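What follows is a short report on a single structure.
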Protein chains: 2
Amino acid sequence: MIDWTGQRAETTELSISYVRAGQGEPVIFLHGWPEWKRSWLHNLPVLAERFDCIAPDFRGFGATIAKSGRLSEGTPPQLLAKDLRDFTDRLGLEKVALVSHDVGSFVAQQFALAWPERVSRLFFVNCAYPGVGQRWGDWQLFPETWYQQFHQKDFAAALVGSSREACRIYFRHFLTHWTHQKHAFDDHLEEWVDNFMANDNIQGGFDWYVGVSRFRRRMMQDGALDIPKIKAPTYLLWGAHDPVLRFEFTDKLGDYFERHTLERAEDAGHFVHFEVPEVANARLAAFLSGEIG
Amino acid sequence: MIDWTGQRAETTELSISYVRAGQGEPVIFLHGWPEWKRSWLHNLPVLAERFDCIAPDFRGFGATIAKSGRLSEGTPPQLLAKDLRDFTDRLGLEKVALVSHDVGSFVAQQFALAWPERVSRLFFVNCAYPGVGQRWGDWQLFPETWYQQFHQKDFAAALVGSSREACRIYFRHFLTHWTHQKHAFDDHLEEWVDNFMANDNIQGGFDWYVGVSRFRRRMMQDGALDIPKIKAPTYLLWGAHDPVLRFEFTDKLGDYFERHTLERAEDAGHFVHFEVPEVANARLAAFLSGEIG
């Protein structure tokens with residue numbers, strides 16, 4: 001049984017809430033938006049049978065607390081990668097495998113480029129990688145990316161958090177629109193609302209969009225970034241029906257990952273790990289144990 | 001004194017709520033979003049001294065009622081222009097001057113192209129004209145145009161209308177962000193909330209964005225449209241600080257208006273008629289009486 005209330009690790013800047021379960025090689029699970037550690041609900045129980053599974057909340061999400069409060073520049077990927085570095089140091093982990101999704105995928109890449117010696121393997125559930133490039137600014141994608149702008153507005157968190165009902169309406173949208181398994185989150189919606197109504201997490205999540213916007217604008221302006229390739233073995237399990245991080249955006253993966261395997265998850269959208277956990281868990285177990293990839 | 005509760009005109013499809021005051025040449029005032037006839041609050045009392053001023057609510061806005069209910073395709077400009085034609089017929093007006101803003105500016109242009117013999121003069125407070133073209137799809141404008149996408153979402157009206165407070169937060173944003181005179185609407189905010197919380201007007205306004213989206217997507221795709229020029233004398237009073245309908249977009253006016261005068265309103269944003277009514281009223285009186293333009 002996993003204790004989802006989690007435990008705490010104190011770093012200079014954060015009081016990090018995380019869940020840890022199982023024994024074996026250490027694997028860190030990095031969630032996306034609108035998610036927190038609980039998003040690995042269907043995965044940790046299975047993976048903990050073979051690995052030391054660790055799932056933290058990013059600052060601004062879940063129960064992690066930033067001691068300094070909010071930052072005016074938001075929470076860019078570099079900062080979250082530094083938080084992750086502090087976290088692994090605090091736990092005394094010299095080398096880890098990273099499983100990541102959405103926000104987490106930005107952080108995992110940043111971490112792997114900054115401290116390659118600390119990463120054994122990388123598993124991505126869909127992946128916001130620089131090869132998306134100028135397609136972030138394509139007007140035809142705009143019906144799907146408007147929220148990235150809205151989240152940066154100073155009134156957005158007040159509106160979404162104006163009542164529990166408002167919060168429910170907002171998050172229900174993303175948890176259904178972004179899925180292919182439309183009912184995957186039905187039994188968990190109230191839990192999601194609980195989480196985002198607490199701890200200023202609506203604003204905390206939106207601060208991620210403030211933080212990452214400079215990076216995204218640079219891609220819209222200049223196109224795909226010219227940065228070194230990630231060398232660690234990489235596996236990408238990508239939902240065929242993700243309306244934002246579209247499967248067709250996988251065409252540039254070779255420019256950013258030296259050794260990667262791409263698999264299309266036919267029956268899933270954005271939340272592959274939550275929508276089709278059997279598929280995700282089987283692939284995670286095989287890749288993390290070195291059987292594939 | 002103007003009676004702002006207004007009166008009603010019945011057409012086949014609508015029960016139109018409108019205000020009428022003054023005597024002289026007939027002038028119809030067409031509001032924008034997020035507005036209704038009340039948006040001409042500072043203008044009608046002055047203009048009614050010289051003209052027969054008529055300010056209706058579009059379907060979906062204010063107190064006008066569509067007998068058939070909502071339309072799945074939203075309310076495109078063509079439909080609102082047809083509504084306006086029915087309205088002028090009902091009032092027995094053979095030729096009118098049109099004063100318009102935002103949504104109203106689309107409708108006035110559509111009306112003037114379809115029935116040029118029914119229009120004497122056109123006055124625009126900023127103007128959403130086809131010369132904006134592909135600039136509607138420019139990613140650098142995304143931080144200002146996100147709401148055009150959000151308004152088309154099936155959950156948007158439920159979120160904004162989830163409580164009076166949610167509604168207030170949302171409309172206060174536009175009534176301050178789009179103004180240069182930041183306090184122009186302070187004393188009227190509750191009235192605005194009253195209006196949008198009533199009569200399903202939040203959804204009604206959003207249906208406009210559903211209706212106009214095909215037109216806007218065509219401009220994003222193909223650029224400025226190749227359509228006939230409007231021949232009626234035209235005056236454009238354009239707020240220098242409108243963050244969406246930017247003053248720089250006026251560069252193509254000559255392609256769409258055969259006889260036009262453009263004036264930059266230095267001290268106003270999107271709502272020139274409400275922000276600097278003295279300027280707007282002076283120019284309206286002079287233009288509508290044929291002294292200028």
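Each chain of the structure tokens is named A, B, ... in the order shown, its residues numbered from 1; ligands are numbered from 1 in display order.
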
(message) Please check the contacts: residues of chain A at most 8 Å away from chain B, using only C-alpha atoms, listed as number ranges by chain.
(response) A: 137-139, 142-143, 146-147, 149-150, 155, 158-160, 162-163, 165-166, 169-170, 173, 220

(request) Tell me which protein, DNA and RNA residues are within 7 Å of Leu30 (chain A), counting only C-alpha atoms, leaving out same-chain ones fewer than 3 positions away, and put them as a PyMOL selection string. (result) chain A and resi 55-56+99-101+104

Selection above as a file: N, CA and C atoms, as a PDB file, in the first residue's frame:
```pdb
ATOM      1  N   ALA A  55       8.059  10.209  -5.926  1.00  0.00           N
ATOM      2  CA  ALA A  55       7.244  11.170  -6.694  1.00  0.00           C
ATOM      3  C   ALA A  55       7.047  12.445  -5.884  1.00  0.00           C
ATOM      4  N   PRO A  56       7.775  13.512  -6.225  1.00  0.00           N
ATOM      5  CA  PRO A  56       7.628  14.777  -5.499  1.00  0.00           C
ATOM      6  C   PRO A  56       6.585  15.692  -6.160  1.00  0.00           C
ATOM      7  N   VAL A  99      11.223   9.674 -14.807  1.00  0.00           N
ATOM      8  CA  VAL A  99       9.975   9.447 -15.544  1.00  0.00           C
ATOM      9  C   VAL A  99       9.227  10.758 -15.498  1.00  0.00           C
ATOM     10  N   SER A 100       8.834  11.286 -16.659  1.00  0.00           N
ATOM     11  CA  SER A 100       8.263  12.631 -16.610  1.00  0.00           C
ATOM     12  C   SER A 100       7.176  12.839 -17.643  1.00  0.00           C
ATOM     13  N   HIS A 101       6.413  13.897 -17.412  1.00  0.00           N
ATOM     14  CA  HIS A 101       5.221  14.195 -18.202  1.00  0.00           C
ATOM     15  C   HIS A 101       5.001  15.703 -18.190  1.00  0.00           C
ATOM     16  N   GLY A 104       6.858  18.216 -16.121  1.00  0.00           N
ATOM     17  CA  GLY A 104       7.969  17.366 -15.724  1.00  0.00           C
ATOM     18  C   GLY A 104       8.935  17.082 -16.856  1.00  0.00           C
TER      19      GLY A 104
END
```

(request) For Ala265 (chain B), work out the shell of residues within 9 Å, counting only C-alpha atoms and skipping chain neighbours fewer than 4 positions away, then give it as a list in words. (result)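 Listed by chain and then number, they are Leu237, Trp238, Gly239, Ala240, His241, Gly269, Val272, Val276, Val279 and Ala280 of chain B.
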
Keeping only all heavy atoms, write the selected residues as a PDB file, in the first residue's frame.
```
ATOM      1  N   LEU B 237     -12.760  57.174 -35.489  1.00  0.00           N
ATOM      2  CA  LEU B 237     -12.113  57.735 -34.300  1.00  0.00           C
ATOM      3  C   LEU B 237     -11.513  56.557 -33.554  1.00  0.00           C
ATOM      4  O   LEU B 237     -12.241  55.699 -33.047  1.00  0.00           O
ATOM      5  CB  LEU B 237     -13.145  58.468 -33.443  1.00  0.00           C
ATOM      6  CG  LEU B 237     -12.630  59.109 -32.151  1.00  0.00           C
ATOM      7  CD1 LEU B 237     -11.590  60.198 -32.443  1.00  0.00           C
ATOM      8  CD2 LEU B 237     -13.801  59.693 -31.345  1.00  0.00           C
ATOM      9  N   TRP B 238     -10.186  56.478 -33.527  1.00  0.00           N
ATOM     10  CA  TRP B 238      -9.518  55.240 -33.118  1.00  0.00           C
ATOM     11  C   TRP B 238      -8.629  55.493 -31.896  1.00  0.00           C
ATOM     12  O   TRP B 238      -7.706  56.294 -31.950  1.00  0.00           O
ATOM     13  CB  TRP B 238      -8.659  54.728 -34.280  1.00  0.00           C
ATOM     14  CG  TRP B 238      -8.347  53.266 -34.259  1.00  0.00           C
ATOM     15  CD1 TRP B 238      -7.656  52.593 -33.291  1.00  0.00           C
ATOM     16  CD2 TRP B 238      -8.705  52.280 -35.249  1.00  0.00           C
ATOM     17  NE1 TRP B 238      -7.569  51.253 -33.614  1.00  0.00           N
ATOM     18  CE2 TRP B 238      -8.193  51.033 -34.813  1.00  0.00           C
ATOM     19  CE3 TRP B 238      -9.395  52.332 -36.466  1.00  0.00           C
ATOM     20  CZ2 TRP B 238      -8.347  49.850 -35.544  1.00  0.00           C
ATOM     21  CZ3 TRP B 238      -9.554  51.153 -37.190  1.00  0.00           C
ATOM     22  CH2 TRP B 238      -9.030  49.930 -36.731  1.00  0.00           C
ATOM     23  N   GLY B 239      -8.927  54.785 -30.813  1.00  0.00           N
ATOM     24  CA  GLY B 239      -8.148  54.935 -29.587  1.00  0.00           C
ATOM     25  C   GLY B 239      -6.705  54.505 -29.780  1.00  0.00           C
ATOM     26  O   GLY B 239      -6.438  53.408 -30.278  1.00  0.00           O
ATOM     27  N   ALA B 240      -5.780  55.354 -29.372  1.00  0.00           N
ATOM     28  CA  ALA B 240      -4.353  55.083 -29.577  1.00  0.00           C
ATOM     29  C   ALA B 240      -3.884  53.875 -28.775  1.00  0.00           C
ATOM     30  O   ALA B 240      -2.880  53.252 -29.131  1.00  0.00           O
ATOM     31  CB  ALA B 240      -3.532  56.305 -29.183  1.00  0.00           C
ATOM     32  N   HIS B 241      -4.591  53.537 -27.692  1.00  0.00           N
ATOM     33  CA  HIS B 241      -4.084  52.525 -26.757  1.00  0.00           C
ATOM     34  C   HIS B 241      -4.911  51.241 -26.730  1.00  0.00           C
ATOM     35  O   HIS B 241      -4.899  50.528 -25.741  1.00  0.00           O
ATOM     36  CB  HIS B 241      -3.993  53.128 -25.358  1.00  0.00           C
ATOM     37  CG  HIS B 241      -3.194  54.384 -25.315  1.00  0.00           C
ATOM     38  ND1 HIS B 241      -1.822  54.391 -25.257  1.00  0.00           N
ATOM     39  CD2 HIS B 241      -3.567  55.694 -25.382  1.00  0.00           C
ATOM     40  CE1 HIS B 241      -1.379  55.644 -25.255  1.00  0.00           C
ATOM     41  NE2 HIS B 241      -2.422  56.457 -25.329  1.00  0.00           N
ATOM     42  N   GLY B 269      -8.389  54.106 -25.091  1.00  0.00           N
ATOM     43  CA  GLY B 269      -8.059  52.763 -25.535  1.00  0.00           C
ATOM     44  C   GLY B 269      -9.170  52.232 -26.428  1.00  0.00           C
ATOM     45  O   GLY B 269      -9.497  52.843 -27.452  1.00  0.00           O
ATOM     46  N   VAL B 272     -13.413  54.357 -26.733  1.00  0.00           N
ATOM     47  CA  VAL B 272     -13.239  55.805 -26.891  1.00  0.00           C
ATOM     48  C   VAL B 272     -14.502  56.560 -26.480  1.00  0.00           C
ATOM     49  O   VAL B 272     -14.440  57.574 -25.775  1.00  0.00           O
ATOM     50  CB  VAL B 272     -12.888  56.158 -28.355  1.00  0.00           C
ATOM     51  CG1 VAL B 272     -12.552  57.636 -28.482  1.00  0.00           C
ATOM     52  CG2 VAL B 272     -11.739  55.300 -28.857  1.00  0.00           C
ATOM     53  N   VAL B 276     -13.466  58.909 -23.322  1.00  0.00           N
ATOM     54  CA  VAL B 276     -13.335  60.361 -23.573  1.00  0.00           C
ATOM     55  C   VAL B 276     -14.571  60.812 -24.338  1.00  0.00           C
ATOM     56  O   VAL B 276     -14.501  61.201 -25.511  1.00  0.00           O
ATOM     57  CB  VAL B 276     -12.026  60.702 -24.330  1.00  0.00           C
ATOM     58  CG1 VAL B 276     -10.820  60.499 -23.411  1.00  0.00           C
ATOM     59  CG2 VAL B 276     -11.854  59.862 -25.583  1.00  0.00           C
ATOM     60  N   VAL B 279     -14.698  64.108 -26.480  1.00  0.00           N
ATOM     61  CA  VAL B 279     -14.049  64.019 -27.795  1.00  0.00           C
ATOM     62  C   VAL B 279     -14.970  63.288 -28.771  1.00  0.00           C
ATOM     63  O   VAL B 279     -15.226  63.765 -29.893  1.00  0.00           O
ATOM     64  CB  VAL B 279     -12.702  63.263 -27.688  1.00  0.00           C
ATOM     65  CG1 VAL B 279     -12.072  63.095 -29.072  1.00  0.00           C
ATOM     66  CG2 VAL B 279     -11.762  63.975 -26.736  1.00  0.00           C
ATOM     67  N   ALA B 280     -15.483  62.162 -28.349  1.00  0.00           N
ATOM     68  CA  ALA B 280     -16.340  61.363 -29.238  1.00  0.00           C
ATOM     69  C   ALA B 280     -17.602  62.147 -29.617  1.00  0.00           C
ATOM     70  O   ALA B 280     -17.993  62.179 -30.799  1.00  0.00           O
ATOM     71  CB  ALA B 280     -16.713  60.049 -28.553  1.00  0.00           C
TER      72      ALA B 280
END
```

(message) Quick check, in Å to one decimal: how far apart do CA of Leu189 (chain A) and CA of Phe274 (chain A) lie?
(response)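 Separation between CA of Leu189 (chain A) and CA of Phe274 (chain A): 13.0 Å.
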
Please provide as a PDB file with N, CA and C atoms, in the first residue's frame all residues within 12 Å of Lys82 (chain A), with the sequence filter that same-chain residues fewer than 2 positions apart are discarded (counting only C-alpha atoms).
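Generated output (part.pdb):
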```pdb
ATOM      1  N   THR A  11      14.788  21.453   1.723  1.00  0.00           N
ATOM      2  CA  THR A  11      15.970  21.999   1.051  1.00  0.00           C
ATOM      3  C   THR A  11      16.051  23.468   1.461  1.00  0.00           C
ATOM      4  N   THR A  12      17.070  24.148   0.973  1.00  0.00           N
ATOM      5  CA  THR A  12      17.221  25.549   1.369  1.00  0.00           C
ATOM      6  C   THR A  12      15.974  26.353   1.029  1.00  0.00           C
ATOM      7  N   GLU A  13      15.415  26.072  -0.145  1.00  0.00           N
ATOM      8  CA  GLU A  13      14.309  26.901  -0.609  1.00  0.00           C
ATOM      9  C   GLU A  13      12.931  26.294  -0.402  1.00  0.00           C
ATOM     10  N   LEU A  14      12.876  24.976  -0.258  1.00  0.00           N
ATOM     11  CA  LEU A  14      11.575  24.306  -0.279  1.00  0.00           C
ATOM     12  C   LEU A  14      11.366  23.341   0.878  1.00  0.00           C
ATOM     13  N   PHE A  58       6.158  19.470  -7.478  1.00  0.00           N
ATOM     14  CA  PHE A  58       6.925  20.681  -7.804  1.00  0.00           C
ATOM     15  C   PHE A  58       6.471  21.847  -6.924  1.00  0.00           C
ATOM     16  N   ARG A  59       7.293  22.844  -6.805  1.00  0.00           N
ATOM     17  CA  ARG A  59       6.860  24.057  -6.081  1.00  0.00           C
ATOM     18  C   ARG A  59       5.649  24.657  -6.821  1.00  0.00           C
ATOM     19  N   THR A  75       7.874  30.316 -12.323  1.00  0.00           N
ATOM     20  CA  THR A  75       8.776  29.201 -12.022  1.00  0.00           C
ATOM     21  C   THR A  75       9.257  28.565 -13.323  1.00  0.00           C
ATOM     22  N   PRO A  76      10.346  29.080 -13.887  1.00  0.00           N
ATOM     23  CA  PRO A  76      10.877  28.556 -15.158  1.00  0.00           C
ATOM     24  C   PRO A  76      11.473  27.159 -14.970  1.00  0.00           C
ATOM     25  N   PRO A  77      11.643  26.426 -16.068  1.00  0.00           N
ATOM     26  CA  PRO A  77      12.174  25.060 -16.000  1.00  0.00           C
ATOM     27  C   PRO A  77      13.532  24.988 -15.290  1.00  0.00           C
ATOM     28  N   GLN A  78      14.362  25.996 -15.493  1.00  0.00           N
ATOM     29  CA  GLN A  78      15.682  25.993 -14.859  1.00  0.00           C
ATOM     30  C   GLN A  78      15.559  25.926 -13.336  1.00  0.00           C
ATOM     31  N   LEU A  79      14.583  26.680 -12.813  1.00  0.00           N
ATOM     32  CA  LEU A  79      14.396  26.704 -11.361  1.00  0.00           C
ATOM     33  C   LEU A  79      13.901  25.348 -10.858  1.00  0.00           C
ATOM     34  N   LEU A  80      12.955  24.768 -11.579  1.00  0.00           N
ATOM     35  CA  LEU A  80      12.433  23.468 -11.152  1.00  0.00           C
ATOM     36  C   LEU A  80      13.507  22.382 -11.269  1.00  0.00           C
ATOM     37  N   LEU A  84      15.005  20.124  -8.283  1.00  0.00           N
ATOM     38  CA  LEU A  84      15.136  18.664  -8.376  1.00  0.00           C
ATOM     39  C   LEU A  84      16.545  18.235  -7.977  1.00  0.00           C
ATOM     40  N   ARG A  85      17.524  19.008  -8.393  1.00  0.00           N
ATOM     41  CA  ARG A  85      18.912  18.736  -8.004  1.00  0.00           C
ATOM     42  C   ARG A  85      19.051  18.784  -6.469  1.00  0.00           C
ATOM     43  N   ASP A  86      18.502  19.828  -5.867  1.00  0.00           N
ATOM     44  CA  ASP A  86      18.542  19.952  -4.401  1.00  0.00           C
ATOM     45  C   ASP A  86      17.856  18.753  -3.731  1.00  0.00           C
ATOM     46  N   PHE A  87      16.768  18.324  -4.346  1.00  0.00           N
ATOM     47  CA  PHE A  87      15.991  17.203  -3.803  1.00  0.00           C
ATOM     48  C   PHE A  87      16.797  15.908  -3.844  1.00  0.00           C
ATOM     49  N   THR A  88      17.424  15.638  -4.976  1.00  0.00           N
ATOM     50  CA  THR A  88      18.229  14.400  -5.087  1.00  0.00           C
ATOM     51  C   THR A  88      19.429  14.469  -4.134  1.00  0.00           C
ATOM     52  N   ASP A  89      20.017  15.647  -3.994  1.00  0.00           N
ATOM     53  CA  ASP A  89      21.108  15.802  -3.025  1.00  0.00           C
ATOM     54  C   ASP A  89      20.623  15.491  -1.613  1.00  0.00           C
ATOM     55  N   VAL A 107      11.430  19.765 -17.167  1.00  0.00           N
ATOM     56  CA  VAL A 107      12.370  19.719 -16.043  1.00  0.00           C
ATOM     57  C   VAL A 107      13.377  18.584 -16.235  1.00  0.00           C
ATOM     58  N   ALA A 108      12.884  17.438 -16.675  1.00  0.00           N
ATOM     59  CA  ALA A 108      13.771  16.287 -16.874  1.00  0.00           C
ATOM     60  C   ALA A 108      14.833  16.600 -17.929  1.00  0.00           C
ATOM     61  N   GLN A 110      15.952  19.595 -18.842  1.00  0.00           N
ATOM     62  CA  GLN A 110      16.845  20.607 -18.273  1.00  0.00           C
ATOM     63  C   GLN A 110      17.853  19.954 -17.326  1.00  0.00           C
ATOM     64  N   PHE A 111      17.355  19.074 -16.485  1.00  0.00           N
ATOM     65  CA  PHE A 111      18.190  18.372 -15.516  1.00  0.00           C
ATOM     66  C   PHE A 111      19.228  17.501 -16.229  1.00  0.00           C
ATOM     67  N   ALA A 112      18.772  16.786 -17.249  1.00  0.00           N
ATOM     68  CA  ALA A 112      19.666  15.853 -17.956  1.00  0.00           C
ATOM     69  C   ALA A 112      20.761  16.587 -18.724  1.00  0.00           C
ATOM     70  N   LEU A 113      20.450  17.810 -19.187  1.00  0.00           N
ATOM     71  CA  LEU A 113      21.467  18.595 -19.900  1.00  0.00           C
ATOM     72  C   LEU A 113      22.446  19.235 -18.912  1.00  0.00           C
ATOM     73  N   ALA A 114      21.945  19.668 -17.774  1.00  0.00           N
ATOM     74  CA  ALA A 114      22.799  20.345 -16.794  1.00  0.00           C
ATOM     75  C   ALA A 114      23.673  19.364 -16.024  1.00  0.00           C
ATOM     76  N   TRP A 115      23.112  18.209 -15.670  1.00  0.00           N
ATOM     77  CA  TRP A 115      23.846  17.232 -14.834  1.00  0.00           C
ATOM     78  C   TRP A 115      23.711  15.832 -15.425  1.00  0.00           C
TER      79      TRP A 115
END
```

(request) Could you find all residues in region 3-224 of chain B that DSSP calls alpha helix (DSSP H) from the backbone, and write them as a ChimeraX atom specification? (result) /B:44-47,77-91,103-114,142-150,156-160,164-177,189-197,201-222

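Using only C-alpha atoms, the residues found no farther than 9 Å from Asn281 (chain B), other than those of its own chain fewer than 6 positions away, are His42, Asn43, Leu44, Val46, Leu47 and His273 of chain B.
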
Restricted to C-alpha atoms, what would the selected residues look like written as a PDB file, in the first residue's frame?
```pdb
ATOM      1  CA  HIS B  42     -22.344  59.268 -22.192  1.00  0.00           C
ATOM      2  CA  ASN B  43     -23.186  59.861 -25.845  1.00  0.00           C
ATOM      3  CA  LEU B  44     -26.916  59.674 -26.356  1.00  0.00           C
ATOM      4  CA  VAL B  46     -25.618  64.895 -26.003  1.00  0.00           C
ATOM      5  CA  LEU B  47     -26.358  63.597 -29.491  1.00  0.00           C
ATOM      6  CA  HIS B 273     -16.951  56.711 -26.629  1.00  0.00           C
TER       7      HIS B 273
END
```

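The smallest atom-to-atom distance between Arg264 (chain A) and any of A:Glu278, A:Glu35, A:Asp242, A:Glu190, using only C-alpha atoms, is found for A:Asp242.
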
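Here CA of Phe124 (chain B) and CA of Ser72 (chain B) stand 29.3 Å from one another.
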
(message) Given only C-alpha atoms as the basis, pick out the residue of A:Leu284, A:Leu98, A:Ala9, A:Val27 nearest to Asp57 (chain A).
(response)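 Using only C-alpha atoms, Asp57 (chain A) sits closest to A:Ala9.
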
(request) Work out how far CA of Gln203 (chain A) is from CA of Leu245 (chain A), in Å to one decimal. (result)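 Interatomic distance here is 22.7 Å.
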
(request) Considering only C-alpha atoms, return as a VMD selection string whatever protein or nucleic-acid residues lie within 10 Å of Thr176 (chain A), sequence-local ones (same chain, fewer than 6 positions apart) excluded. (result) chain A and resid 182 to 186 269 to 270

With N, CA, C and O atoms kept, could you save the residues just selected as a PDB file, in the first residue's frame?
```
ATOM      1  N   LYS A 182     -12.205   9.286 -21.924  1.00  0.00           N
ATOM      2  CA  LYS A 182     -12.887  10.472 -21.403  1.00  0.00           C
ATOM      3  C   LYS A 182     -13.298  10.363 -19.938  1.00  0.00           C
ATOM      4  O   LYS A 182     -13.559  11.378 -19.301  1.00  0.00           O
ATOM      5  N   HIS A 183     -13.390   9.156 -19.421  1.00  0.00           N
ATOM      6  CA  HIS A 183     -13.836   9.005 -18.034  1.00  0.00           C
ATOM      7  C   HIS A 183     -12.705   8.671 -17.062  1.00  0.00           C
ATOM      8  O   HIS A 183     -12.966   8.341 -15.913  1.00  0.00           O
ATOM      9  N   ALA A 184     -11.481   8.791 -17.542  1.00  0.00           N
ATOM     10  CA  ALA A 184     -10.338   8.373 -16.716  1.00  0.00           C
ATOM     11  C   ALA A 184     -10.300   9.096 -15.366  1.00  0.00           C
ATOM     12  O   ALA A 184      -9.907   8.506 -14.356  1.00  0.00           O
ATOM     13  N   PHE A 185     -10.716  10.356 -15.362  1.00  0.00           N
ATOM     14  CA  PHE A 185     -10.597  11.141 -14.126  1.00  0.00           C
ATOM     15  C   PHE A 185     -11.924  11.298 -13.375  1.00  0.00           C
ATOM     16  O   PHE A 185     -11.965  11.981 -12.356  1.00  0.00           O
ATOM     17  N   ASP A 186     -12.984  10.690 -13.889  1.00  0.00           N
ATOM     18  CA  ASP A 186     -14.310  10.893 -13.287  1.00  0.00           C
ATOM     19  C   ASP A 186     -14.313  10.678 -11.773  1.00  0.00           C
ATOM     20  O   ASP A 186     -14.861  11.487 -11.022  1.00  0.00           O
ATOM     21  N   GLY A 269      -4.643   9.968 -24.743  1.00  0.00           N
ATOM     22  CA  GLY A 269      -4.397  11.354 -25.113  1.00  0.00           C
ATOM     23  C   GLY A 269      -3.190  11.880 -24.367  1.00  0.00           C
ATOM     24  O   GLY A 269      -2.106  11.316 -24.466  1.00  0.00           O
ATOM     25  N   HIS A 270      -3.406  12.939 -23.599  1.00  0.00           N
ATOM     26  CA  HIS A 270      -2.308  13.614 -22.921  1.00  0.00           C
ATOM     27  C   HIS A 270      -1.803  12.841 -21.703  1.00  0.00           C
ATOM     28  O   HIS A 270      -0.622  12.885 -21.382  1.00  0.00           O
TER      29      HIS A 270
END
```

(request) Tell me which protein, DNA and RNA residues are within 10 Å of Gly74 (chain A), counting only C-alpha atoms, leaving out same-chain ones fewer than 3 positions away, and put them as a list in words. (result) Gly60, Arg70, Leu71, Pro77, Leu79, Gln152, Gln203, Gly204, Gly205, Phe206, Asp207, Trp208, Tyr209, Val210, Gly211, Val212 and Ser213 of chain A

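Of the listed residues (B:Thr250, B:Gln109, B:Thr261, B:Asn201), B:Thr250 comes nearest to Arg135 (chain B); the distances count only C-alpha atoms.
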
(request) Using only C-alpha atoms, pick whichever of B:Ala157, B:Ala128, B:Ile2, B:Ile230 has the shortest atom-to-atom distance to Arg246 (chain B). (result)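 Using only C-alpha atoms, Arg246 (chain B) sits closest to B:Ala128.
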